[in-house]
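Reading through the structure tokens given below for one structure.
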Amino acid sequence: QVRLMERGGGSVQAGGSLRLSCATTGIAFKFASMAWYRQAPGNQREWVANITSSGATDYTDSVKGRFTISRDNAWSTVFLQMSSLRPEDTARYYCSTNWRQRTWWGQGTQVTVSP
């Protein structure tokens, strides 16, 4: 059974940092590209970052230089290190992967950044 389980959200002040993790089961993790998305109330879900199986990364412009996506294949886990957080980063963050012709999502973790 494919499961993605996010952790690490919380409430921080602007300028602070958080590290999100997403543990996976049911997929051959080392072969999977992984992504982080976020959704703020009233907004559509937006792509934040992704990392390929070979470790290549890409980011949406608004988080470049502040967020870092990484992976640990031994633990089948993907991370999102978030620094210099801004109030506009407030959202529910989801990890996602495409596996066996389907897109899988975790339940998300809430990140709230206060001014």
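As shown in the structure tokens, the chain order sets the letters A, B, ...; within each chain, residues go from 1, and ligands are also counted from 1 in the order they appear.
Counting only C-alpha atoms, Thr57 (chain A) has the following residues at most 10 Å away, ignoring those fewer than 6 positions along the same chain: Ser33, Met34, Ala35, Ala49, Asn50, Ile51, Thr68, Ile69 and Ser70 of chain A.
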Please produce an output containing C-alpha atoms for each residue in the selection, written as a PDB file, in the first residue's frame.
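The file below, out-v2.pdb, is the result:
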ATOM      1  CA  SER A  33      10.775  11.580  -8.236  1.00  0.00           C
ATOM      2  CA  MET A  34       9.265  13.388  -5.268  1.00  0.00           C
ATOM      3  CA  ALA A  35       7.626  16.789  -4.986  1.00  0.00           C
ATOM      4  CA  ALA A  49       9.836  21.914  -5.326  1.00  0.00           C
ATOM      5  CA  ASN A  50      10.781  18.552  -6.710  1.00  0.00           C
ATOM      6  CA  ILE A  51      13.716  16.184  -6.665  1.00  0.00           C
ATOM      7  CA  THR A  68      15.980  23.149  -0.016  1.00  0.00           C
ATOM      8  CA  ILE A  69      14.547  19.789  -1.022  1.00  0.00           C
ATOM      9  CA  SER A  70      16.561  16.657  -0.308  1.00  0.00           C
TER      10      SER A  70
END
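Within region 44-90 of chain A, the backbone-based DSSP assignment of strand (DSSP E) covers Glu46, Trp47, Val48, Ala49, Asn50, Ile51, Thr57, Asp58, Tyr59, Phe67, Thr68, Ile69, Ser70, Arg71, Asp72, Thr77, Val78, Phe79, Leu80, Gln81 and Met82 of chain A.
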### Query
Which residue gives the smallest distance to Thr103 (chain A) among A:Ala32, A:Leu20, A:Ala56, A:Met5, with only C-alpha atoms counted?
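Among the listed residues, the smallest separation from Thr103 (chain A) belongs to A:Ala32.
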### Message
When you count only C-alpha atoms, which of these residues is closest to Tyr59 (chain A): A:Ile27, A:Asp72, A:Gly42, A:Tyr37?
### Response
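Smallest separation from Tyr59 (chain A) among the options: A:Tyr37.
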#### Entry: Surrounding residues of Phe67 (chain A) excluding itself and chain neighbours under 3 positions, 9 Å, only C-alpha atoms, as a PyMOL selection string
chain A and resi 48-49+59+63-64+80-85
Within 12 Å of Glu46 (chain A), counting only C-alpha atoms, which residues qualify if same-chain residues fewer than 6 places away don't, as a PDB file with N, CA and C atoms, in the first residue's frame?
ATOM      1  N   ALA A  35       7.918  15.360  -4.908  1.00  0.00           N
ATOM      2  CA  ALA A  35       7.626  16.789  -4.986  1.00  0.00           C
ATOM      3  C   ALA A  35       6.940  17.262  -3.717  1.00  0.00           C
ATOM      4  N   TRP A  36       7.078  18.550  -3.456  1.00  0.00           N
ATOM      5  CA  TRP A  36       6.323  19.225  -2.409  1.00  0.00           C
ATOM      6  C   TRP A  36       5.398  20.245  -3.079  1.00  0.00           C
ATOM      7  N   TYR A  37       4.186  20.290  -2.549  1.00  0.00           N
ATOM      8  CA  TYR A  37       3.195  21.273  -2.960  1.00  0.00           C
ATOM      9  C   TYR A  37       2.677  21.973  -1.712  1.00  0.00           C
ATOM     10  N   ARG A  38       1.970  23.064  -1.905  1.00  0.00           N
ATOM     11  CA  ARG A  38       1.330  23.733  -0.772  1.00  0.00           C
ATOM     12  C   ARG A  38       0.009  24.347  -1.225  1.00  0.00           C
ATOM     13  N   GLN A  39      -0.866  24.506  -0.244  1.00  0.00           N
ATOM     14  CA  GLN A  39      -2.175  25.092  -0.522  1.00  0.00           C
ATOM     15  C   GLN A  39      -2.580  25.984   0.637  1.00  0.00           C
ATOM     16  N   ALA A  40      -2.763  27.257   0.324  1.00  0.00           N
ATOM     17  CA  ALA A  40      -3.245  28.216   1.314  1.00  0.00           C
ATOM     18  C   ALA A  40      -4.767  28.309   1.195  1.00  0.00           C
ATOM     19  N   TYR A  59      12.792  24.424  -8.146  1.00  0.00           N
ATOM     20  CA  TYR A  59      11.978  25.155  -7.180  1.00  0.00           C
ATOM     21  C   TYR A  59      11.126  26.206  -7.887  1.00  0.00           C
ATOM     22  N   THR A  60       9.979  26.487  -7.301  1.00  0.00           N
ATOM     23  CA  THR A  60       9.223  27.631  -7.765  1.00  0.00           C
ATOM     24  C   THR A  60       9.986  28.901  -7.384  1.00  0.00           C
ATOM     25  N   ASP A  61       9.831  29.945  -8.175  1.00  0.00           N
ATOM     26  CA  ASP A  61      10.656  31.140  -8.009  1.00  0.00           C
ATOM     27  C   ASP A  61      10.561  31.738  -6.605  1.00  0.00           C
ATOM     28  N   SER A  62       9.378  31.689  -6.007  1.00  0.00           N
ATOM     29  CA  SER A  62       9.179  32.382  -4.729  1.00  0.00           C
ATOM     30  C   SER A  62       9.945  31.758  -3.572  1.00  0.00           C
ATOM     31  N   VAL A  63      10.446  30.529  -3.735  1.00  0.00           N
ATOM     32  CA  VAL A  63      11.159  29.881  -2.630  1.00  0.00           C
ATOM     33  C   VAL A  63      12.633  29.654  -2.944  1.00  0.00           C
ATOM     34  N   ASP A  89       4.239  32.242   3.097  1.00  0.00           N
ATOM     35  CA  ASP A  89       4.525  30.804   3.023  1.00  0.00           C
ATOM     36  C   ASP A  89       3.507  29.986   3.813  1.00  0.00           C
ATOM     37  N   ALA A  91       0.634  27.857   4.679  1.00  0.00           N
ATOM     38  CA  ALA A  91      -0.133  26.935   3.842  1.00  0.00           C
ATOM     39  C   ALA A  91      -0.067  25.546   4.450  1.00  0.00           C
ATOM     40  N   ARG A  92      -0.844  24.667   3.886  1.00  0.00           N
ATOM     41  CA  ARG A  92      -0.692  23.248   4.189  1.00  0.00           C
ATOM     42  C   ARG A  92       0.227  22.674   3.121  1.00  0.00           C
ATOM     43  N   TYR A  93       1.246  21.967   3.568  1.00  0.00           N
ATOM     44  CA  TYR A  93       2.268  21.437   2.672  1.00  0.00           C
ATOM     45  C   TYR A  93       2.061  19.936   2.480  1.00  0.00           C
ATOM     46  N   TYR A  94       2.121  19.535   1.224  1.00  0.00           N
ATOM     47  CA  TYR A  94       1.893  18.133   0.856  1.00  0.00           C
ATOM     48  C   TYR A  94       3.090  17.595   0.075  1.00  0.00           C
ATOM     49  N   CYS A  95       3.426  16.338   0.317  1.00  0.00           N
ATOM     50  CA  CYS A  95       4.367  15.687  -0.583  1.00  0.00           C
ATOM     51  C   CYS A  95       3.589  14.814  -1.549  1.00  0.00           C
ATOM     52  N   SER A  96       4.221  14.541  -2.678  1.00  0.00           N
ATOM     53  CA  SER A  96       3.528  13.854  -3.757  1.00  0.00           C
ATOM     54  C   SER A  96       4.525  13.093  -4.610  1.00  0.00           C
TER      55      SER A  96
END
### Task
Do a neighbour search on Ser21 (chain A) at 6 Å with only C-alpha atoms, toss out local chain neighbours closer than 5 positions, and write the hits as an MDAnalysis selection string.
chainID A and resid 6:7 78:79
## Note on the structure
If you count only C-alpha atoms, the residue of A:Phe29, A:Trp99, A:Trp47, A:Trp104 closest to Ser76 (chain A) turns out to be A:Phe29
